[in-house]
$ cat run.txt   # compact mmCIF, C-alpha atoms and all ligand atoms
# COMPACT_ATOMS: atom_id res chain seq x y z
CA MET A 26 21.13 13.79 -143.53
CA ARG A 27 21.10 17.54 -143.94
CA LEU A 28 22.31 18.80 -147.31
CA GLN A 29 24.36 21.48 -145.59
CA LEU A 30 26.26 18.84 -143.61
CA ALA A 31 26.92 16.61 -146.62
CA THR A 32 29.88 16.65 -148.99
CA TRP A 33 29.25 16.66 -152.73
CA PRO A 34 30.49 13.07 -153.11
CA GLU A 35 27.98 12.06 -150.44
CA VAL A 36 25.21 13.84 -152.34
CA GLU A 37 26.32 12.13 -155.56
CA ALA A 38 26.30 8.76 -153.83
CA TYR A 39 22.79 9.43 -152.48
CA LEU A 40 21.62 10.31 -155.98
CA GLY A 41 22.91 6.95 -157.18
CA THR A 42 19.90 5.27 -155.59
CA ARG A 43 17.59 8.12 -154.50
CA ASP A 44 16.09 11.24 -156.01
CA GLY A 45 13.99 12.68 -153.17
CA ILE A 46 14.69 15.74 -151.04
CA ALA A 47 12.74 17.52 -148.30
CA ILE A 48 12.64 21.33 -148.26
CA PRO A 49 11.39 23.00 -145.04
CA LEU A 50 9.51 26.27 -145.59
CA GLY A 51 9.03 28.79 -142.77
CA SER A 52 8.76 32.53 -142.30
CA THR A 53 10.49 35.40 -140.51
CA GLU A 54 7.69 37.32 -138.80
CA GLN A 55 6.27 38.30 -135.45
CA HIS A 56 4.58 35.50 -133.54
CA GLY A 57 2.75 37.31 -130.78
CA PRO A 58 4.04 38.53 -127.43
CA ASN A 59 5.79 35.29 -126.40
CA GLY A 60 6.55 33.67 -129.75
CA LEU A 61 9.85 33.92 -131.61
CA VAL A 62 10.21 35.71 -134.96
CA GLY A 63 11.66 32.49 -136.39
CA THR A 64 8.84 30.26 -135.12
CA ASP A 65 7.58 28.94 -138.48
CA ALA A 66 11.03 28.21 -139.86
CA LEU A 67 12.17 26.62 -136.59
CA CYS A 68 9.08 24.39 -136.43
CA ALA A 69 9.34 23.21 -140.05
CA GLU A 70 13.06 22.44 -139.83
CA GLN A 71 12.79 20.71 -136.45
CA VAL A 72 10.01 18.47 -137.79
CA ALA A 73 12.17 17.76 -140.86
CA TRP A 74 15.39 17.13 -138.93
CA HIS A 75 13.76 14.91 -136.33
CA GLY A 76 11.81 13.07 -139.01
CA ALA A 77 15.05 12.55 -140.94
CA GLN A 78 16.62 10.97 -137.86
CA SER A 79 13.86 8.39 -137.68
CA VAL A 80 14.16 7.71 -141.42
CA VAL A 81 17.87 7.03 -140.98
CA ALA A 82 17.25 4.99 -137.82
CA ALA A 83 14.95 2.79 -139.91
CA GLY A 84 17.82 2.11 -142.31
CA ARG A 85 16.43 4.40 -145.02
CA LYS A 86 17.85 7.54 -146.61
CA ILE A 87 16.77 11.18 -146.86
CA LEU A 88 18.29 14.56 -147.60
CA VAL A 89 16.90 17.77 -146.10
CA ALA A 90 17.62 21.04 -147.92
CA PRO A 91 18.34 24.32 -146.09
CA THR A 92 15.21 25.86 -144.61
CA GLN A 93 13.67 28.64 -146.68
CA ALA A 94 12.94 31.18 -143.93
CA LEU A 95 12.25 34.24 -146.11
CA THR A 96 8.72 34.03 -147.49
CA PRO A 97 5.60 36.19 -147.96
CA ALA A 98 4.39 37.80 -144.71
CA GLN A 99 3.30 41.31 -145.65
CA PHE A 100 0.45 41.45 -143.11
CA ASN A 101 2.95 41.33 -140.23
CA LEU A 102 5.25 44.11 -141.45
CA ALA A 103 3.83 46.62 -138.93
CA PHE A 104 5.44 44.48 -136.21
CA PRO A 105 9.23 44.90 -135.87
CA GLY A 106 11.44 42.08 -137.04
CA THR A 107 9.21 40.83 -139.84
CA ILE A 108 10.77 40.27 -143.28
CA SER A 109 8.44 39.68 -146.23
CA LEU A 110 9.20 38.57 -149.75
CA SER A 111 6.69 39.40 -152.44
CA ALA A 112 4.68 36.41 -153.63
CA SER A 113 6.34 36.52 -157.05
CA THR A 114 9.85 36.60 -155.54
CA PHE A 115 9.08 33.62 -153.34
CA ALA A 116 7.67 31.67 -156.28
CA GLN A 117 10.87 32.46 -158.23
CA VAL A 118 13.02 31.33 -155.29
CA LEU A 119 11.14 28.02 -155.18
CA GLU A 120 11.55 27.52 -158.92
CA ASP A 121 15.28 28.31 -158.77
CA MET A 122 15.73 25.87 -155.89
CA VAL A 123 13.90 23.13 -157.80
CA ARG A 124 15.79 23.81 -161.04
CA SER A 125 19.14 23.78 -159.23
CA LEU A 126 18.39 20.55 -157.42
CA ALA A 127 16.96 18.99 -160.60
CA ARG A 128 20.26 19.82 -162.30
CA SER A 129 21.92 17.63 -159.65
CA GLY A 130 19.50 14.80 -160.34
CA PHE A 131 16.77 15.29 -157.74
CA ARG A 132 13.30 14.52 -159.06
CA ARG A 133 11.02 14.36 -156.00
CA PHE A 134 10.53 17.48 -153.92
CA TYR A 135 8.76 17.32 -150.58
CA PHE A 136 7.93 20.80 -149.27
CA LEU A 137 7.39 20.66 -145.50
CA ASN A 138 5.59 23.83 -144.60
CA GLY A 139 5.35 25.86 -141.39
CA HIS A 140 3.64 29.08 -142.55
CA GLY A 141 0.07 29.60 -143.76
CA ALA A 142 0.90 32.28 -146.33
CA ASN A 143 3.23 29.84 -148.12
CA VAL A 144 0.36 27.54 -149.08
CA ALA A 145 -1.12 29.45 -151.99
CA VAL A 146 2.21 30.61 -153.44
CA THR A 147 3.91 27.23 -153.20
CA ARG A 148 0.96 25.55 -154.89
CA ALA A 149 1.09 28.23 -157.61
CA ALA A 150 4.85 27.66 -158.08
CA ILE A 151 4.29 23.91 -158.36
CA HIS A 152 1.55 24.61 -160.88
CA ASP A 153 3.90 26.67 -163.02
CA LEU A 154 6.68 24.07 -162.84
CA HIS A 155 4.23 21.50 -164.20
CA LEU A 156 3.04 24.06 -166.75
CA ARG A 157 6.54 24.40 -168.21
CA ARG A 158 6.48 20.74 -169.07
CA SER A 159 2.82 20.55 -170.02
CA ILE A 160 2.84 23.47 -172.39
CA ASN A 161 6.34 23.30 -173.83
CA ALA A 162 7.38 19.71 -173.16
CA GLN A 163 10.64 21.01 -171.70
CA PRO A 164 12.71 17.90 -170.90
CA GLU A 165 14.37 19.50 -167.87
CA PHE A 166 11.00 19.39 -166.10
CA ALA A 167 10.21 15.82 -167.08
CA SER A 168 9.35 13.45 -164.26
CA LEU A 169 9.52 16.04 -161.49
CA GLN A 170 7.17 15.19 -158.62
CA PHE A 171 6.05 17.41 -155.77
CA ARG A 172 4.39 16.92 -152.43
CA PHE A 173 3.38 19.82 -150.20
CA ARG A 174 2.32 19.37 -146.56
CA SER A 175 1.97 21.70 -143.60
CA TRP A 176 3.13 20.01 -140.38
CA TRP A 177 -0.06 20.86 -138.51
CA ASP A 178 -2.20 19.08 -141.13
CA TYR A 179 -0.82 15.59 -140.41
CA ALA A 180 -3.76 13.65 -138.94
CA GLN A 181 -2.31 12.68 -135.55
CA THR A 182 -0.61 16.04 -135.09
CA ASN A 183 -3.85 17.83 -135.87
CA SER A 184 -5.71 15.66 -133.34
CA LEU A 185 -3.09 16.36 -130.70
CA ARG A 186 -3.36 20.12 -131.31
CA ALA A 187 -7.11 19.92 -130.81
CA GLN A 188 -6.73 17.76 -127.72
CA LEU A 189 -4.16 20.07 -126.10
CA TYR A 190 -5.63 23.46 -126.93
CA GLY A 191 -9.08 23.22 -128.53
CA GLU A 192 -10.23 26.50 -130.00
CA ALA A 193 -7.42 28.34 -128.17
CA GLU A 194 -5.11 27.01 -130.91
CA GLY A 195 -6.40 29.86 -133.11
CA MET A 196 -4.76 30.84 -136.38
CA HIS A 197 -1.47 32.67 -135.74
CA ALA A 198 1.01 32.54 -132.87
CA THR A 199 -0.64 29.25 -131.95
CA PRO A 200 0.23 27.53 -128.66
CA SER A 201 1.34 24.49 -130.72
CA GLU A 202 4.04 26.29 -132.67
CA VAL A 203 5.16 28.29 -129.64
CA ALA A 204 5.37 25.04 -127.63
CA ILE A 205 7.60 23.40 -130.26
CA THR A 206 10.04 26.31 -130.14
CA GLN A 207 9.98 26.24 -126.34
CA ALA A 208 10.93 22.56 -126.47
CA MET A 209 13.71 23.01 -129.02
CA VAL A 210 15.28 26.43 -128.62
CA ASN A 211 17.72 27.06 -125.82
CA ARG A 212 16.37 30.30 -124.47
CA SER A 213 13.95 31.02 -121.66
CA ALA A 214 10.54 31.81 -123.09
CA PRO A 215 9.06 35.17 -122.18
CA THR A 216 5.89 34.81 -120.17
CA VAL A 217 2.89 37.06 -120.65
CA GLU A 218 0.25 37.30 -117.97
CA ASN A 219 -3.49 37.64 -118.50
CA MET A 220 -3.51 36.98 -122.20
CA ALA A 221 -7.09 37.70 -123.25
CA PHE A 222 -8.45 35.09 -125.62
CA GLU A 223 -11.22 35.64 -128.14
CA PRO A 224 -12.17 32.62 -130.28
CA LEU A 225 -12.36 33.16 -134.02
CA SER A 226 -15.63 32.62 -135.85
CA THR A 227 -15.99 29.86 -138.39
CA GLU A 228 -16.49 32.54 -141.03
CA PHE A 229 -13.16 34.11 -140.11
CA PHE A 230 -11.35 30.77 -140.42
CA VAL A 231 -12.86 30.21 -143.85
CA SER A 232 -12.26 33.68 -145.26
CA HIS A 233 -8.74 34.07 -143.82
CA ALA A 234 -7.39 30.55 -144.37
CA GLY A 235 -3.79 30.47 -145.54
CA ASP A 236 -3.01 33.82 -143.88
CA ASN A 237 -5.28 35.65 -146.29
CA HIS A 238 -5.10 38.87 -144.30
CA ASN A 239 -5.33 42.61 -144.79
CA ASP A 240 -2.51 45.11 -145.17
CA ALA A 241 0.01 45.42 -142.34
CA GLN A 242 -1.32 48.59 -140.69
CA THR A 243 -4.89 47.31 -140.61
CA HIS A 244 -3.70 43.94 -139.35
CA ARG A 245 -1.87 45.49 -136.39
CA GLU A 246 -4.85 47.69 -135.54
CA VAL A 247 -7.13 44.64 -135.41
CA PHE A 248 -4.66 42.22 -133.78
CA ALA A 249 -2.77 44.52 -131.43
CA ASP A 250 -0.32 42.02 -129.89
CA GLY A 251 0.15 39.99 -133.07
CA ARG A 252 -1.86 36.90 -132.14
CA VAL A 253 -4.79 35.86 -134.33
CA GLY A 254 -7.39 34.08 -132.20
CA SER A 255 -4.90 32.05 -130.16
CA ASP A 256 -3.81 31.74 -126.55
CA PRO A 257 -0.09 30.95 -126.67
CA SER A 258 0.20 31.40 -122.88
CA LEU A 259 -0.98 27.75 -122.85
CA ALA A 260 2.22 26.66 -124.64
CA ASP A 261 4.38 24.26 -122.68
CA PRO A 262 7.72 22.64 -123.62
CA ALA A 263 6.40 19.19 -122.74
CA HIS A 264 3.53 19.73 -125.19
CA GLY A 265 6.06 20.91 -127.74
CA ARG A 266 8.06 17.69 -127.44
CA ARG A 267 4.93 15.58 -127.99
CA LEU A 268 3.84 17.68 -130.96
CA LEU A 269 7.31 17.53 -132.49
CA ASP A 270 7.65 13.77 -132.03
CA THR A 271 4.20 13.19 -133.55
CA ALA A 272 4.70 15.50 -136.53
CA ALA A 273 8.22 14.18 -137.18
CA LYS A 274 6.98 10.59 -137.28
CA GLU A 275 4.14 11.49 -139.64
CA PHE A 276 6.50 13.45 -141.89
CA ALA A 277 8.97 10.54 -141.98
CA ASP A 278 6.24 8.06 -142.89
CA ASP A 279 4.91 10.38 -145.59
CA PHE A 280 8.35 11.04 -147.09
CA LEU A 281 9.00 7.29 -147.25
CA ALA A 282 5.62 6.78 -148.93
CA PHE A 283 6.51 9.52 -151.43
CA THR A 284 9.73 7.69 -152.32
CA SER A 285 8.54 4.14 -151.63
CA ASP A 286 9.67 2.62 -154.94
CA GLN A 287 13.26 3.47 -154.00
CA GLU A 288 13.30 1.47 -150.80
CA ASN A 289 15.73 -1.40 -150.49
NI NI B 1 3.49 30.57 -137.43
$ encode --input "run.txt" --output "structure tokens" --more "lines below"
Ligand code: NI
Amino acid sequence: MRLQLATWPEVEAYLGTRDGIAIPLGSTEQHGPNGLVGTDALCAEQVAWHGAQSVVAAGRKILVAPTQALTPAQFNLAFPGTISLSASTFAQVLEDMVRSLARSGFRRFYFLNGHGANVAVTRAAIHDLHLRRSINAQPEFASLQFRFRSWWDYAQTNSLRAQLYGEAEGMHATPSEVAITQAMVNRSAPTVENMAFEPLSTEFFVSHAGDNHNDAQTHREVFADGRVGSDPSLADPAHGRRLLDTAAKEFADDFLAFTSDQEN
């Protein structure tokens, strides 16, 4: 069930036996010449919504919070349509979301991520939420638990990405994420011919992991059409459906494991 489509008595009833909630995290930024600005948010929420359907179909319960689509993305600001929060603002947003939901009675927070630059900041925000309790013993932070996963890191999903695209998956505007939006969004995808593809070096992957990129102007000069080492012309809606189904199943299983002592 999506929180936005629930009534407050339904949320209260859920909290009578459950305390877990999933929070999709995305971005609002350019995704190359044929990818949508909302790609990361759309992917994370589709994985969450489809995973939630299989949780419910299995007779279990889940709530999915509204997708947080405004996040840090400064390196893409030289491309039109990108919106970036500062890292500190995003961390504050995450803390306010957690504190609000904790006030309702939620205790377990599963962040389902779709954007590389969210990794470091979300982990830092989780660190500071634990710190409040660890250093000051603040009771409002007692017993809060967090899990953070990026959809592409689930084992079977990661294998499928490699199988479908190999090194053409790249780092940004990947064919996997573009394929998922092609499968789920009701608009005809723009096609781009003759997309040159240059594989990234291992050193680049290591030093730029988690969207650890340069300033926006430099980034656009180096990556002129917005892609980073990917070939999203390989994206296909049928691939997107397979990727989505695989990631949604792995998310559902992981959410149930996270809340396993509340099964009945
Ligand atoms: Ni993306």
$ atom_distance --input "run.txt" --atom1 "atom CA of Gln99 of chain A" --atom2 "atom CA of Ala112 of chain A"
9.5 Å
$ atom_distance --input "run.txt" --atom1 "atom CA of Ala249 of chain A" --atom2 "atom CA of Thr114 of chain A"
28.3 Å
$ atom_distance --input "run.txt" --atom1 "atom CA of Gln71 of chain A" --atom2 "atom CA of Thr206 of chain A"
8.9 Å
$ closest_residue --input "run.txt" --among "A:Ala82, A:Trp176, A:Ala162, A:Phe115" --to "Arg148 of chain A" --atoms "all atoms listed in the file"
A:Phe115
$ closest_residue --input "run.txt" --among "A:Thr64, A:Asn161, A:Asn101, A:Ser168" --to "Val203 of chain A" --atoms "all atoms listed in the file"
A:Thr64
$ residues_around --input "run.txt" --residues "Tyr135 of chain A" --least-positions-apart "3" --cutoff "8 Å" --atoms "only C-alpha atoms" --output "MDAnalysis selection string"
chainID A and resid 45:48 171:174 280
$ residues_around --input "run.txt" --residues "Ala145 of chain A" --least-positions-apart "5" --cutoff "12 Å" --atoms "all atoms listed in the file" --output "mmCIF file with C-alpha atoms, in the coordinates of the input"
data_model
loop_
_atom_site.group_PDB
_atom_site.id
_atom_site.type_symbol
_atom_site.label_atom_id
_atom_site.label_comp_id
_atom_site.auth_asym_id
_atom_site.auth_seq_id
_atom_site.Cartn_x
_atom_site.Cartn_y
_atom_site.Cartn_z
ATOM 1 C CA THR A 96 8.720 34.030 -147.490
ATOM 2 C CA PRO A 97 5.600 36.190 -147.960
ATOM 3 C CA ALA A 112 4.680 36.410 -153.630
ATOM 4 C CA SER A 113 6.340 36.520 -157.050
ATOM 5 C CA PHE A 115 9.080 33.620 -153.340
ATOM 6 C CA ALA A 116 7.670 31.670 -156.280
ATOM 7 C CA ASN A 138 5.590 23.830 -144.600
ATOM 8 C CA HIS A 140 3.640 29.080 -142.550
ATOM 9 C CA ALA A 150 4.850 27.660 -158.080
ATOM 10 C CA ILE A 151 4.290 23.910 -158.360
ATOM 11 C CA HIS A 152 1.550 24.610 -160.880
ATOM 12 C CA PHE A 173 3.380 19.820 -150.200
ATOM 13 C CA ARG A 174 2.320 19.370 -146.560
ATOM 14 C CA SER A 175 1.970 21.700 -143.600
ATOM 15 C CA ALA A 234 -7.390 30.550 -144.370
ATOM 16 C CA GLY A 235 -3.790 30.470 -145.540
ATOM 17 C CA ASP A 236 -3.010 33.820 -143.880
ATOM 18 C CA ASN A 237 -5.280 35.650 -146.290
#
$ closest_atom_pairs --input "run.txt" --of "chain A" --to "ligand NI 1 (chain B)" --cutoff "9 Å" --atoms "only C-alpha atoms and all ligand atoms" --output "Markdown table"
| residue | atom | partner | partner_atom | distance |
| --- | --- | --- | --- | --- |
| A:Gly51 | CA | B:NI1 | NI | 7.9 |
| A:Ser52 | CA | B:NI1 | NI | 7.4 |
| A:Glu54 | CA | B:NI1 | NI | 8.1 |
| A:Gln55 | CA | B:NI1 | NI | 8.4 |
| A:His56 | CA | B:NI1 | NI | 6.4 |
| A:Gly60 | CA | B:NI1 | NI | 8.8 |
| A:Val62 | CA | B:NI1 | NI | 8.8 |
| A:Gly63 | CA | B:NI1 | NI | 8.5 |
| A:Thr64 | CA | B:NI1 | NI | 5.8 |
| A:Asp65 | CA | B:NI1 | NI | 4.5 |
| A:Ala66 | CA | B:NI1 | NI | 8.3 |
| A:Cys68 | CA | B:NI1 | NI | 8.4 |
| A:Gly139 | CA | B:NI1 | NI | 6.4 |
| A:His140 | CA | B:NI1 | NI | 5.3 |
| A:Gly141 | CA | B:NI1 | NI | 7.3 |
| A:Met196 | CA | B:NI1 | NI | 8.3 |
| A:His197 | CA | B:NI1 | NI | 5.6 |
| A:Ala198 | CA | B:NI1 | NI | 5.6 |
| A:Thr199 | CA | B:NI1 | NI | 7.0 |
| A:Glu202 | CA | B:NI1 | NI | 6.4 |
| A:Val203 | CA | B:NI1 | NI | 8.3 |
$ residues_around --input "run.txt" --residues "segment 209-216 of chain A" --least-positions-apart "2" --cutoff "9 Å" --atoms "all atoms listed in the file" --output "PyMOL selection string"
chain A and resi 58-61+67-68+71+204-207+218+258+262+265-266
$ residues_around --input "run.txt" --residues "Ala282 of chain A" --least-positions-apart "3" --cutoff "12 Å" --atoms "all atoms listed in the file" --output "VMD selection string"
chain A and resid 45 80 85 133 135 172 275 to 279 285 to 288
$ closest_residue --input "run.txt" --among "A:Val146, A:Gly191, A:Arg128, A:Ala77" --to "Pro164 of chain A" --atoms "only C-alpha atoms"
A:Arg128
$ residues_near_point --input "run.txt" --point "(18.4, 25.8, -156.0)" --cutoff "12 Å" --atoms "only C-alpha atoms" --output "ChimeraX atom specification"
/A:28,46,48,90-93,117-131,134
$ write_last_selection --input "run.txt" --atoms "C-alpha atoms" --output "PDB file, in the coordinates of the input"
ATOM      1  CA  LEU A  28      22.310  18.800-147.310  1.00  0.00           C
ATOM      2  CA  ILE A  46      14.690  15.740-151.040  1.00  0.00           C
ATOM      3  CA  ILE A  48      12.640  21.330-148.260  1.00  0.00           C
ATOM      4  CA  ALA A  90      17.620  21.040-147.920  1.00  0.00           C
ATOM      5  CA  PRO A  91      18.340  24.320-146.090  1.00  0.00           C
ATOM      6  CA  THR A  92      15.210  25.860-144.610  1.00  0.00           C
ATOM      7  CA  GLN A  93      13.670  28.640-146.680  1.00  0.00           C
ATOM      8  CA  GLN A 117      10.870  32.460-158.230  1.00  0.00           C
ATOM      9  CA  VAL A 118      13.020  31.330-155.290  1.00  0.00           C
ATOM     10  CA  LEU A 119      11.140  28.020-155.180  1.00  0.00           C
ATOM     11  CA  GLU A 120      11.550  27.520-158.920  1.00  0.00           C
ATOM     12  CA  ASP A 121      15.280  28.310-158.770  1.00  0.00           C
ATOM     13  CA  MET A 122      15.730  25.870-155.890  1.00  0.00           C
ATOM     14  CA  VAL A 123      13.900  23.130-157.800  1.00  0.00           C
ATOM     15  CA  ARG A 124      15.790  23.810-161.040  1.00  0.00           C
ATOM     16  CA  SER A 125      19.140  23.780-159.230  1.00  0.00           C
ATOM     17  CA  LEU A 126      18.390  20.550-157.420  1.00  0.00           C
ATOM     18  CA  ALA A 127      16.960  18.990-160.600  1.00  0.00           C
ATOM     19  CA  ARG A 128      20.260  19.820-162.300  1.00  0.00           C
ATOM     20  CA  SER A 129      21.920  17.630-159.650  1.00  0.00           C
ATOM     21  CA  GLY A 130      19.500  14.800-160.340  1.00  0.00           C
ATOM     22  CA  PHE A 131      16.770  15.290-157.740  1.00  0.00           C
ATOM     23  CA  PHE A 134      10.530  17.480-153.920  1.00  0.00           C
TER      24      PHE A 134
END
$ residues_around --input "run.txt" --residues "Leu189 of chain A" --least-positions-apart "2" --cutoff "12 Å" --atoms "all atoms listed in the file" --output "VMD selection string"
chain A and resid 182 to 187 191 to 194 199 to 201 204 256 to 257 259 to 261 263 to 265 267 to 268
$ residues_near_point --input "run.txt" --point "(-1.1, 47.5, -137.6)" --cutoff "7 Å" --atoms "only C-alpha atoms" --output "list in words"
Ala103, Ala241, Gln242, Thr243, His244, Arg245 and Glu246 of chain A
$ axis_aligned_box --input "run.txt" --around "segment 148-161 of chain A" --padding-each-side "4 Å" --output "AutoDock Vina command-line options"
--center_x 3.8 --center_y 24.4 --center_z -164.4 --size_x 13.7 --size_y 15.7 --size_z 26.9
$ closest_residue --input "run.txt" --among "A:Trp177, A:Gln163, A:Ala94, A:Leu110" --to "Ala273 of chain A" --atoms "only C-alpha atoms"
A:Trp177
